[in-house]
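See below for input-v9.csv, which holds CSV, C-alpha atoms.
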```
chain,number,residue,atom,x,y,z
A,1,MET,CA,-73.6,-2.3,-23.8
A,2,ASN,CA,-76.1,-2.6,-26.6
A,3,TRP,CA,-76.5,-0.2,-29.4
A,4,ARG,CA,-79.1,-0.2,-32.1
A,5,ASN,CA,-79.2,1.7,-35.4
A,6,GLY,CA,-81.6,4.6,-35.4
A,7,CYS,CA,-85.0,3.8,-37.0
A,8,ILE,CA,-86.3,5.8,-39.9
A,9,GLY,CA,-89.8,7.1,-39.0
A,10,ALA,CA,-92.6,6.9,-41.6
A,11,ALA,CA,-93.7,10.3,-42.8
A,12,ALA,CA,-97.5,11.1,-42.6
A,13,VAL,CA,-99.0,12.4,-45.8
A,14,LEU,CA,-102.1,14.7,-45.4
A,15,LEU,CA,-104.4,14.7,-48.3
A,16,ALA,CA,-106.9,17.6,-48.7
A,17,ALA,CA,-109.5,18.2,-51.4
A,18,CYS,CA,-109.3,21.7,-52.8
A,19,GLY,CA,-112.6,23.4,-53.8
A,20,SER,CA,-114.5,20.1,-53.4
A,21,ASP,CA,-116.1,18.0,-50.7
A,22,GLU,CA,-115.5,14.8,-52.6
A,23,GLU,CA,-113.2,12.1,-51.3
A,24,PRO,CA,-110.0,11.7,-53.3
A,25,THR,CA,-110.3,8.9,-55.8
A,26,ALA,CA,-107.7,6.2,-56.5
A,27,GLU,CA,-106.7,8.1,-59.6
A,28,THR,CA,-106.2,11.4,-57.8
A,29,ALA,CA,-104.3,9.8,-54.9
A,30,ALA,CA,-102.0,7.7,-57.0
A,31,PRO,CA,-99.4,10.4,-58.0
A,32,GLU,CA,-98.9,11.3,-54.3
A,33,ALA,CA,-98.6,7.7,-53.3
A,34,GLU,CA,-96.1,7.1,-56.1
A,35,ALA,CA,-94.0,10.1,-55.0
A,36,GLU,CA,-93.9,8.8,-51.5
A,37,GLN,CA,-92.8,5.4,-52.7
A,38,THR,CA,-90.1,7.0,-54.8
A,39,THR,CA,-88.8,9.0,-51.8
A,40,ALA,CA,-88.6,5.9,-49.7
A,41,ALA,CA,-86.8,3.9,-52.4
A,42,ALA,CA,-84.3,6.7,-52.8
A,43,GLU,CA,-83.3,6.5,-49.1
A,44,PRO,CA,-79.9,4.6,-49.0
A,45,GLU,CA,-79.4,1.5,-47.0
A,46,THR,CA,-76.9,2.1,-44.1
A,47,TRP,CA,-74.3,-0.4,-42.9
A,48,GLY,CA,-72.6,0.3,-39.6
A,49,PHE,CA,-68.8,-0.4,-39.3
A,50,ALA,CA,-67.1,-0.2,-35.8
A,51,LEU,CA,-63.4,0.4,-35.6
A,52,GLU,CA,-60.9,-0.3,-32.9
A,53,GLU,CA,-58.9,2.7,-33.8
A,54,ILE,CA,-59.2,6.5,-34.2
A,55,GLU,CA,-59.5,8.6,-37.3
A,56,GLY,CA,-56.3,8.7,-39.3
A,57,SER,CA,-55.4,5.1,-38.4
A,58,VAL,CA,-54.9,2.1,-40.7
A,59,GLN,CA,-58.3,0.8,-39.8
A,60,TYR,CA,-59.9,4.2,-40.4
A,61,GLU,CA,-58.3,4.4,-43.9
A,62,TYR,CA,-59.5,0.9,-44.6
A,63,GLY,CA,-63.1,1.7,-43.5
A,64,ALA,CA,-63.2,4.9,-45.5
A,65,LYS,CA,-62.0,3.2,-48.7
A,66,PHE,CA,-64.4,0.3,-48.1
A,67,ALA,CA,-67.3,2.8,-47.7
A,68,GLU,CA,-66.3,4.5,-50.9
A,69,LEU,CA,-66.1,1.3,-52.9
A,70,VAL,CA,-69.5,0.0,-51.6
A,71,LYS,CA,-71.2,3.3,-52.4
A,72,GLU,CA,-69.7,3.2,-55.9
A,73,LYS,CA,-70.5,-0.5,-56.6
A,74,THR,CA,-74.1,-0.1,-55.4
A,75,ASP,CA,-74.7,3.2,-57.3
A,76,GLY,CA,-75.3,4.9,-54.0
A,77,GLU,CA,-77.9,2.5,-52.7
A,78,VAL,CA,-75.7,1.6,-49.7
A,79,GLU,CA,-73.8,3.8,-47.4
A,80,VAL,CA,-71.3,2.6,-44.8
A,81,LYS,CA,-71.2,4.6,-41.5
A,82,LEU,CA,-67.9,4.4,-39.6
A,83,TYR,CA,-67.8,4.5,-35.8
A,84,THR,CA,-64.3,5.2,-34.5
A,85,TYR,CA,-63.0,3.8,-31.2
A,86,GLY,CA,-64.9,5.1,-28.2
A,87,GLN,CA,-68.1,6.0,-30.0
A,88,LEU,CA,-69.6,2.6,-29.2
A,89,GLY,CA,-67.6,1.8,-26.1
A,90,GLY,CA,-64.5,-0.3,-25.6
A,91,LEU,CA,-63.2,-3.3,-27.6
A,92,THR,CA,-65.5,-5.9,-26.0
A,93,ASP,CA,-68.4,-3.6,-26.5
A,94,ILE,CA,-67.6,-3.5,-30.2
A,95,TYR,CA,-67.4,-7.3,-30.4
A,96,ASP,CA,-70.7,-7.7,-28.5
A,97,GLN,CA,-72.4,-5.3,-30.9
A,98,VAL,CA,-71.3,-6.9,-34.1
A,99,GLN,CA,-72.3,-10.3,-32.7
A,100,SER,CA,-75.7,-9.1,-31.8
A,101,GLY,CA,-76.2,-7.3,-35.2
A,102,ALA,CA,-76.3,-3.8,-33.7
A,103,VAL,CA,-73.6,-3.0,-36.3
A,104,GLN,CA,-73.0,-4.9,-39.4
A,105,PHE,CA,-69.2,-4.8,-39.5
A,106,ALA,CA,-66.3,-4.5,-37.1
A,107,PHE,CA,-62.6,-5.0,-36.8
A,108,GLY,CA,-61.2,-7.4,-34.2
A,109,SER,CA,-57.5,-7.8,-33.3
A,110,GLY,CA,-55.6,-9.0,-30.2
A,111,PHE,CA,-58.5,-8.8,-27.7
A,112,LEU,CA,-60.7,-10.7,-30.1
A,113,GLY,CA,-59.0,-13.8,-28.8
A,114,GLY,CA,-61.4,-13.7,-25.8
A,115,THR,CA,-64.3,-14.0,-28.3
A,116,VAL,CA,-62.8,-16.2,-31.0
A,117,PRO,CA,-59.9,-18.1,-29.4
A,118,GLU,CA,-58.6,-19.3,-32.8
A,119,SER,CA,-57.9,-15.7,-33.8
A,120,GLN,CA,-55.0,-15.8,-31.3
A,121,LEU,CA,-53.1,-17.5,-34.1
A,122,PHE,CA,-52.2,-14.0,-35.2
A,123,SER,CA,-50.5,-13.4,-31.8
A,124,LEU,CA,-48.0,-16.2,-32.4
A,125,ASN,CA,-44.4,-15.0,-33.2
A,126,PHE,CA,-42.4,-16.0,-36.2
A,127,VAL,CA,-45.3,-17.6,-38.0
A,128,LEU,CA,-45.3,-15.3,-41.1
A,129,THR,CA,-42.6,-14.4,-43.6
A,130,ASP,CA,-40.4,-11.4,-43.1
A,131,ASN,CA,-42.0,-9.6,-46.1
A,132,GLU,CA,-45.1,-7.6,-45.2
A,133,LYS,CA,-46.6,-7.6,-48.8
A,134,THR,CA,-46.2,-11.4,-49.0
A,135,ASN,CA,-48.0,-11.8,-45.6
A,136,ALA,CA,-50.9,-9.7,-46.8
A,137,GLU,CA,-51.3,-11.8,-49.9
A,138,ILE,CA,-51.0,-15.1,-48.0
A,139,LEU,CA,-53.6,-14.1,-45.3
A,140,ASN,CA,-56.1,-12.9,-47.9
A,141,ALA,CA,-55.6,-15.7,-50.5
A,142,PRO,CA,-58.8,-17.9,-50.7
A,143,GLU,CA,-56.7,-20.9,-49.4
A,144,PHE,CA,-56.5,-19.2,-46.0
A,145,ARG,CA,-59.1,-16.5,-45.8
A,146,LYS,CA,-61.8,-18.9,-46.8
A,147,ASN,CA,-60.3,-21.9,-44.9
A,148,GLU,CA,-63.3,-23.8,-43.5
A,149,ASP,CA,-61.7,-24.0,-40.0
A,150,LEU,CA,-61.2,-20.2,-40.0
A,151,VAL,CA,-64.7,-19.5,-41.2
A,152,ALA,CA,-66.3,-22.1,-38.7
A,153,SER,CA,-64.4,-20.6,-35.7
A,154,PHE,CA,-65.9,-17.2,-36.4
A,155,ARG,CA,-69.4,-18.4,-37.4
A,156,GLU,CA,-69.8,-20.3,-34.1
A,157,ARG,CA,-69.8,-16.8,-32.6
A,158,ASP,CA,-72.2,-15.2,-35.1
A,159,LEU,CA,-69.4,-13.7,-37.1
A,160,GLN,CA,-68.3,-13.9,-40.7
A,161,PRO,CA,-64.6,-13.3,-41.5
A,162,LEU,CA,-64.2,-11.1,-44.6
A,163,ALA,CA,-60.6,-10.0,-44.7
A,164,ILE,CA,-57.4,-10.1,-42.7
A,165,VAL,CA,-55.6,-6.8,-42.4
A,166,PRO,CA,-51.9,-6.6,-41.3
A,167,GLU,CA,-51.2,-3.1,-39.9
A,168,GLY,CA,-47.4,-3.3,-39.7
A,169,TRP,CA,-44.7,-4.9,-37.6
A,170,GLN,CA,-45.1,-5.1,-33.8
A,171,VAL,CA,-42.1,-3.1,-32.5
A,172,TRP,CA,-40.5,-3.5,-29.1
A,173,SER,CA,-39.7,-0.3,-27.1
A,174,ALA,CA,-37.3,-0.4,-24.2
A,175,ASN,CA,-34.9,1.6,-22.0
A,176,LYS,CA,-32.0,-0.5,-23.1
A,177,GLU,CA,-30.8,-2.1,-26.3
A,178,VAL,CA,-32.3,-5.6,-26.9
A,179,ARG,CA,-30.6,-8.0,-29.3
A,180,SER,CA,-30.8,-11.3,-27.5
A,181,PRO,CA,-33.0,-13.1,-24.9
A,182,GLU,CA,-30.3,-12.3,-22.3
A,183,ASP,CA,-31.1,-8.6,-22.8
A,184,PHE,CA,-34.7,-9.3,-21.9
A,185,ASP,CA,-33.7,-10.8,-18.6
A,186,GLY,CA,-36.0,-9.4,-15.9
A,187,MET,CA,-37.5,-6.7,-18.2
A,188,ALA,CA,-41.1,-5.8,-17.3
A,189,ILE,CA,-42.7,-5.6,-20.7
A,190,ARG,CA,-46.3,-4.8,-21.2
A,191,THR,CA,-48.4,-7.4,-23.0
A,192,MET,CA,-52.1,-7.6,-23.6
A,193,ASP,CA,-54.1,-9.9,-21.3
A,194,ASN,CA,-53.3,-12.8,-23.6
A,195,ARG,CA,-51.9,-16.2,-22.5
A,196,LEU,CA,-50.0,-16.7,-25.8
A,197,LEU,CA,-48.2,-13.4,-25.4
A,198,ARG,CA,-47.3,-14.0,-21.8
A,199,GLU,CA,-45.9,-17.4,-22.7
A,200,THR,CA,-44.0,-15.9,-25.6
A,201,TYR,CA,-42.3,-13.2,-23.6
A,202,SER,CA,-41.6,-15.5,-20.7
A,203,ALA,CA,-39.8,-17.7,-23.2
A,204,TYR,CA,-37.8,-14.7,-24.3
A,205,GLY,CA,-36.7,-14.1,-20.7
A,206,ALA,CA,-38.8,-11.0,-20.0
A,207,ASP,CA,-41.4,-10.4,-17.3
A,208,PRO,CA,-44.7,-10.0,-19.2
A,209,THR,CA,-46.9,-7.5,-17.4
A,210,THR,CA,-50.5,-6.7,-18.1
A,211,MET,CA,-51.6,-3.0,-18.0
A,212,GLU,CA,-54.5,-1.1,-19.4
A,213,TYR,CA,-53.7,0.7,-22.7
A,214,GLY,CA,-54.6,4.1,-21.3
A,215,GLU,CA,-52.1,3.7,-18.4
A,216,LEU,CA,-49.1,2.7,-20.5
A,217,PHE,CA,-47.5,6.1,-20.9
A,218,SER,CA,-47.5,6.9,-17.2
A,219,GLY,CA,-46.5,3.3,-16.4
A,220,MET,CA,-43.4,3.7,-18.5
A,221,GLN,CA,-42.8,7.3,-17.4
A,222,LEU,CA,-42.9,6.2,-13.7
A,223,GLY,CA,-40.7,3.1,-14.3
A,224,GLN,CA,-43.5,0.6,-13.6
A,225,LEU,CA,-42.8,-0.8,-17.1
A,226,ASP,CA,-39.4,-1.2,-18.9
A,227,GLY,CA,-40.8,-1.9,-22.3
A,228,ASN,CA,-43.8,-2.1,-24.6
A,229,ILE,CA,-45.0,-3.9,-27.8
A,230,GLN,CA,-46.8,-1.8,-30.4
A,231,PRO,CA,-46.9,-1.1,-34.1
A,232,VAL,CA,-44.9,2.1,-35.1
A,233,PHE,CA,-48.1,4.2,-35.6
A,234,ALA,CA,-49.2,3.5,-32.0
A,235,HIS,CA,-45.8,4.4,-30.5
A,236,GLN,CA,-46.2,7.7,-32.3
A,237,GLU,CA,-49.9,8.4,-31.8
A,238,MET,CA,-49.7,7.7,-28.0
A,239,ASP,CA,-46.3,9.4,-27.5
A,240,PHE,CA,-44.8,6.1,-26.1
A,241,TYR,CA,-41.5,6.9,-27.8
A,242,LYS,CA,-41.1,10.0,-25.6
A,243,VAL,CA,-40.6,7.8,-22.5
A,244,GLN,CA,-38.4,5.1,-24.1
A,245,ASP,CA,-34.8,5.1,-25.3
A,246,TYR,CA,-34.9,2.3,-28.0
A,247,LEU,CA,-37.2,1.0,-30.7
A,248,ILE,CA,-36.3,-2.6,-31.6
A,249,PHE,CA,-37.3,-4.2,-34.9
A,250,ALA,CA,-37.3,-8.0,-34.7
A,251,ASN,CA,-40.0,-8.6,-37.3
A,252,GLN,CA,-41.4,-11.3,-35.0
A,253,ALA,CA,-45.1,-10.5,-35.7
A,254,GLU,CA,-47.4,-8.1,-37.3
A,255,PHE,CA,-50.3,-6.3,-35.8
A,256,ILE,CA,-53.2,-8.0,-37.5
A,257,ALA,CA,-56.9,-7.2,-37.5
A,258,THR,CA,-59.8,-9.3,-38.9
A,259,PHE,CA,-62.5,-7.5,-40.8
A,260,MET,CA,-65.7,-9.3,-39.9
A,261,ALA,CA,-69.5,-9.1,-40.3
A,262,ASN,CA,-72.5,-10.3,-38.3
A,263,SER,CA,-73.1,-13.7,-39.9
A,264,PRO,CA,-76.9,-13.8,-39.6
A,265,TRP,CA,-77.1,-10.4,-41.3
A,266,TYR,CA,-74.5,-11.5,-43.9
A,267,ASP,CA,-76.4,-14.7,-44.7
A,268,GLY,CA,-79.5,-12.6,-45.3
A,269,LEU,CA,-77.9,-10.5,-48.0
A,270,SER,CA,-78.6,-11.0,-51.7
A,271,GLN,CA,-75.8,-12.6,-53.7
A,272,GLU,CA,-75.4,-9.2,-55.5
A,273,ARG,CA,-74.6,-7.5,-52.1
A,274,LYS,CA,-72.3,-10.3,-51.1
A,275,ASP,CA,-70.4,-9.9,-54.4
A,276,VAL,CA,-70.0,-6.2,-53.7
A,277,ILE,CA,-68.4,-6.9,-50.4
A,278,GLU,CA,-66.1,-9.6,-51.9
A,279,GLU,CA,-65.0,-7.3,-54.7
A,280,ALA,CA,-64.3,-4.5,-52.2
A,281,VAL,CA,-62.2,-6.6,-49.8
A,282,THR,CA,-60.2,-8.1,-52.7
A,283,GLU,CA,-59.4,-4.6,-54.1
A,284,LEU,CA,-58.4,-3.4,-50.6
A,285,VAL,CA,-55.6,-5.9,-50.1
A,286,PRO,CA,-52.9,-4.0,-52.1
A,287,TYR,CA,-54.4,-0.7,-51.2
A,288,ILE,CA,-54.3,-1.1,-47.5
A,289,HIS,CA,-50.8,-2.6,-47.7
A,290,ASP,CA,-49.6,0.6,-49.3
A,291,VAL,CA,-51.5,2.7,-46.8
A,292,GLN,CA,-50.0,1.0,-43.7
A,293,THR,CA,-46.5,1.1,-45.2
A,294,ARG,CA,-46.9,4.8,-45.8
A,295,LEU,CA,-48.4,5.6,-42.4
A,296,ASN,CA,-45.8,3.6,-40.5
A,297,THR,CA,-43.0,5.2,-42.5
A,298,GLU,CA,-44.4,8.7,-41.8
A,299,ARG,CA,-44.9,8.0,-38.1
A,300,LEU,CA,-41.3,6.6,-37.8
A,301,ASP,CA,-40.0,9.8,-39.4
A,302,ILE,CA,-42.0,11.9,-36.9
A,303,ILE,CA,-40.5,9.8,-34.0
A,304,THR,CA,-36.9,10.2,-35.2
A,305,GLU,CA,-37.3,13.9,-36.0
A,306,ASN,CA,-38.8,14.7,-32.5
A,307,SER,CA,-36.6,12.5,-30.3
A,308,ASP,CA,-33.2,11.0,-29.8
A,309,ILE,CA,-34.6,7.5,-29.7
A,310,GLU,CA,-32.3,4.9,-31.1
A,311,LEU,CA,-33.5,2.4,-33.7
A,312,VAL,CA,-32.2,-1.2,-33.5
A,313,TYR,CA,-32.7,-3.7,-36.3
A,314,LEU,CA,-32.0,-7.4,-35.5
A,315,THR,CA,-29.9,-9.4,-37.9
A,316,PRO,CA,-31.3,-12.7,-39.3
A,317,GLU,CA,-29.0,-14.6,-36.9
A,318,GLN,CA,-30.4,-12.6,-33.9
A,319,ARG,CA,-34.0,-13.2,-35.0
A,320,GLU,CA,-33.4,-16.9,-35.3
A,321,VAL,CA,-32.5,-17.1,-31.6
A,322,PHE,CA,-35.8,-15.6,-30.7
A,323,ARG,CA,-37.6,-17.7,-33.3
A,324,GLU,CA,-36.3,-20.9,-31.7
A,325,ARG,CA,-37.5,-19.8,-28.3
A,326,SER,CA,-41.0,-19.0,-29.7
A,327,LEU,CA,-41.6,-22.5,-31.2
A,328,PRO,CA,-42.9,-24.2,-28.0
A,329,VAL,CA,-45.6,-21.6,-27.7
A,330,ARG,CA,-47.3,-23.2,-30.8
A,331,ASP,CA,-48.0,-26.2,-28.6
A,332,VAL,CA,-49.7,-23.9,-26.1
A,333,PHE,CA,-51.8,-22.5,-28.9
A,334,SER,CA,-52.8,-26.1,-29.9
A,335,GLU,CA,-53.7,-26.9,-26.3
A,336,MET,CA,-55.9,-23.8,-26.1
A,337,VAL,CA,-57.8,-24.2,-29.3
A,338,GLY,CA,-57.9,-27.9,-30.0
A,339,GLU,CA,-57.8,-29.8,-33.3
A,340,ARG,CA,-59.5,-27.1,-35.4
A,341,GLY,CA,-57.2,-24.3,-34.4
A,342,THR,CA,-54.2,-26.6,-34.9
A,343,ARG,CA,-55.3,-27.4,-38.4
A,344,LEU,CA,-55.7,-23.7,-39.1
A,345,MET,CA,-52.2,-23.0,-37.8
A,346,ASN,CA,-50.7,-25.8,-39.9
A,347,ALA,CA,-52.6,-24.5,-43.0
A,348,LEU,CA,-51.0,-21.0,-42.5
A,349,LEU,CA,-47.6,-22.5,-41.9
A,350,GLU,CA,-47.9,-24.5,-45.2
A,351,GLN,CA,-48.8,-21.3,-47.1
A,352,VAL,CA,-45.8,-19.5,-45.6
A,353,GLU,CA,-43.5,-22.3,-46.4
A,354,LYS,CA,-44.8,-22.4,-50.0
A,355,ALA,CA,-44.2,-18.7,-50.3
A,356,ASP,CA,-40.6,-19.1,-49.0
A,357,VAL,CA,-40.0,-21.9,-51.4
A,358,ASP,CA,-41.3,-19.9,-54.4
A,359,LYS,CA,-39.2,-17.0,-53.3
A,360,SER,CA,-36.1,-19.1,-53.1
A,361,ALA,CA,-36.8,-20.7,-56.5
A,362,ALA,CA,-37.3,-17.3,-58.1
A,363,ALA,CA,-34.0,-16.1,-56.6
A,364,ALA,CA,-32.2,-19.2,-58.0
A,365,GLU,CA,-33.4,-18.6,-61.6
A,366,PRO,CA,-30.7,-17.3,-63.9
A,367,ALA,CA,-31.1,-13.7,-64.9
A,368,ALA,CA,-32.6,-13.1,-68.3
A,369,ALA,CA,-30.5,-11.5,-71.0
A,370,GLU,CA,-30.5,-7.8,-70.5
A,371,PRO,CA,-31.9,-5.9,-73.5
A,372,ALA,CA,-29.8,-2.9,-72.5
A,373,ASP,CA,-26.7,-4.7,-73.9
A,374,GLU,CA,-28.4,-5.2,-77.3
A,375,GLN,CA,-29.4,-1.6,-77.3
A,376,SER,CA,-25.9,-0.5,-76.5
A,377,GLU,CA,-24.5,-2.5,-79.4
A,378,ALA,CA,-27.1,-1.2,-81.7
A,379,GLU,CA,-26.2,2.3,-80.8
A,380,GLU,CA,-22.5,1.9,-81.3
A,381,PRO,CA,-22.5,2.5,-85.2
A,382,ALA,CA,-24.5,5.6,-84.7
A,383,MET,CA,-22.0,6.8,-82.1
A,384,ASP,CA,-19.1,6.1,-84.4
A,385,GLU,CA,-20.9,7.8,-87.3
A,386,ALA,CA,-21.5,10.8,-85.1
A,387,ALA,CA,-17.8,10.8,-84.1
```
Would you put the structure from the file into structure tokens?
Amino acid sequence: MNWRNGCIGAAAVLLAACGSDEEPTAETAAPEAEAEQTTAAAEPETWGFALEEIEGSVQYEYGAKFAELVKEKTDGEVEVKLYTYGQLGGLTDIYDQVQSGAVQFAFGSGFLGGTVPESQLFSLNFVLTDNEKTNAEILNAPEFRKNEDLVASFRERDLQPLAIVPEGWQVWSANKEVRSPEDFDGMAIRTMDNRLLRETYSAYGADPTTMEYGELFSGMQLGQLDGNIQPVFAHQEMDFYKVQDYLIFANQAEFIATFMANSPWYDGLSQERKDVIEEAVTELVPYIHDVQTRLNTERLDIITENSDIELVYLTPEQREVFRERSLPVRDVFSEMVGERGTRLMNALLEQVEKADVDKSAAAAEPAAAEPADEQSEAEEPAMDEAA
């Protein structure tokens, strides 16, 4: 489905000579023409931004802050209009519209793999670190966000990647406790229509089952599904937790969305406008990390306060068993996306390994002398004097 921004109609100005039959001269018409030009110049430029999620979601909070920053940095010359999920159609409709330029910006997550196969990299399990803040920093560092293979894979589809937004851990829900692949044996778990996810959960011993998002609640309620994979906020927003007994945190993957623009439109922007976008997405990295942490924490509190659902957190040893089973799926990814996608995966793995090494080195450094001890010694005479 195609959608186009509304066009601004030109206003007709009627000039009348008062008390005279003379035609208006250039001098008498000039002030009115100047006023018309000033009005037109004052009309802000509008950029459309399509979201995959509803108001109150992580994507909505990102879009609202982005709009605020753009308006501020352009002194009100540009306004960003948000379109929440459903206003412009389904997910594929959103991708079609940003590719065609009907909207300037959009988010793309799991389903984007059908449009940009390389983006399925974010569906792989156990690729990132187990620290959400570190992951956000790695994914948005220039070494990865501006990686030529990442950029090329999007630009081939008339898209320009601008930022990568982790929205929190993907959490398993189930009607039984899951701590090992054996616990997944025969479990019908819903996955998106994504080969990598099907391969992953087959490797875990589950029975991956595709079902439309809107049918999930009834599917679990009627026993057609035994489990589900969603970030915490989705489990709460869609009431999935009400028809499941366990939430299992394996920290195997985060729900990740790519913030992207129509590339022909982006290429036509002035450098000043491009700088505004770059500054905004850079400022948003720590901001949206804090937002998603808060939202997921609040939603988990709502879940536990309104249900008897049991929370299960896998140990590092239990996670390692699943990680080993996920490794062959990387070969499937390489087969699907070819050399460019493989280079991109290896580039991300290198950044993750570097972050882990830096973390280990920092942990191994001897602790600095604590100034509190000096303060304590300095205060002793005063304490004695007081005594």
Point-to-point distance from CA of Glu283 in chain A to CA of His235 in chain A, Å rounded to tenths: 28.7 Å
Around the point (-62.6, -8.4, -32.5), in the coordinates given by the file, pick out the residues reaching within 12 Å, counting all atoms listed in the file, and return them as JSON, numbers by chain. {"A": [50, 51, 52, 53, 90, 91, 92, 93, 94, 95, 96, 97, 98, 99, 105, 106, 107, 108, 109, 110, 111, 112, 113, 114, 115, 116, 117, 118, 119, 120, 154, 157, 159, 160, 161, 164, 256, 257, 258, 259, 260, 261, 262]}
Write out as CSV the residues of range 223-331 of chain A that have any atom within 10 Å of an atom of range 176-183 of chain A, one row each with the nearest atom pair and its distance in Å to one decimal, counting only C-alpha atoms, sorted by chain and then rising number.
```
residue,atom,partner,partner_atom,distance
A:Asp226,CA,A:Lys176,CA,8.5
A:Gly227,CA,A:Lys176,CA,8.9
A:Gln244,CA,A:Lys176,CA,8.6
A:Asp245,CA,A:Lys176,CA,6.6
A:Tyr246,CA,A:Glu177,CA,6.2
A:Leu247,CA,A:Glu177,CA,8.4
A:Ile248,CA,A:Val178,CA,6.9
A:Phe249,CA,A:Arg179,CA,9.5
A:Ala250,CA,A:Arg179,CA,8.6
A:Glu310,CA,A:Glu177,CA,8.6
A:Leu311,CA,A:Glu177,CA,9.1
A:Val312,CA,A:Glu177,CA,7.4
A:Tyr313,CA,A:Arg179,CA,8.5
A:Leu314,CA,A:Arg179,CA,6.4
A:Thr315,CA,A:Arg179,CA,8.7
A:Gln318,CA,A:Arg179,CA,6.5
A:Arg319,CA,A:Ser180,CA,8.4
A:Glu320,CA,A:Ser180,CA,9.9
A:Val321,CA,A:Ser180,CA,7.3
A:Phe322,CA,A:Pro181,CA,6.9
A:Arg325,CA,A:Pro181,CA,8.8
```
Write out as a PyMOL selection string each polymer residue whose atoms come within 9 Å of range 82-89 of chain A, counting only C-alpha atoms; drop sequence neighbours fewer than 6 positions from it. chain A and resi 1-3+47-55+60+63-64+67+97
So how many Å separate CA of Met336 in chain A and CA of Leu121 in chain A, to one decimal?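 Calculated distance between CA of Met336 in chain A and CA of Leu121 in chain A is 10.6 Å.
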Atom-to-atom span, CA of Leu284 in chain A and CA of Phe144 in chain A, Å: 16.6 Å
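If only C-alpha atoms are the atoms counted, then among A:Lys133, A:Arg299, A:Lys65, A:Arg323 the closest residue to Glu237 in chain A is A:Arg299.
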Extract, using only C-alpha atoms, all DNA, RNA and protein residues at most 12 Å from Val285 in chain A, discarding same-chain residues fewer than 2 positions from it, and format them as an MDAnalysis selection string. chainID A and resid 62 65:66 132:141 145 162:167 259 278:283 287:292
Could you give me, as a ChimeraX atom specification, the residues within 9 Å of Tyr201 in chain A, counting all atoms listed in the file and dropping anything in the same chain fewer than 4 positions from it? /A:184,189,191,196-197,205-208,326
Let's have the selection written as a PDB file, keeping the file's coordinate frame, with C-alpha atoms.
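File written: result-v8.pdb
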```pdb
ATOM      1  CA  PHE A 184     -34.700  -9.300 -21.900  1.00  0.00           C
ATOM      2  CA  ILE A 189     -42.700  -5.600 -20.700  1.00  0.00           C
ATOM      3  CA  THR A 191     -48.400  -7.400 -23.000  1.00  0.00           C
ATOM      4  CA  LEU A 196     -50.000 -16.700 -25.800  1.00  0.00           C
ATOM      5  CA  LEU A 197     -48.200 -13.400 -25.400  1.00  0.00           C
ATOM      6  CA  GLY A 205     -36.700 -14.100 -20.700  1.00  0.00           C
ATOM      7  CA  ALA A 206     -38.800 -11.000 -20.000  1.00  0.00           C
ATOM      8  CA  ASP A 207     -41.400 -10.400 -17.300  1.00  0.00           C
ATOM      9  CA  PRO A 208     -44.700 -10.000 -19.200  1.00  0.00           C
ATOM     10  CA  SER A 326     -41.000 -19.000 -29.700  1.00  0.00           C
TER      11      SER A 326
END
```
Please provide as a list in words all residues within 10 Å of Lys242 in chain A, with the sequence filter that same-chain residues fewer than 2 positions apart are discarded (counting only C-alpha atoms).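 After dropping sequence-adjacent residues, the list is Phe217, Met220, Gln221, His235, Gln236, Met238, Asp239, Phe240, Gln244, Asp245, Ile303, Asn306, Ser307, Asp308 and Ile309 of chain A.
Counting all atoms listed in the file, the residue from A:Thr210, A:Gly56, A:Glu79, A:Asn147 that sits nearest to Asn194 in chain A is A:Thr210.
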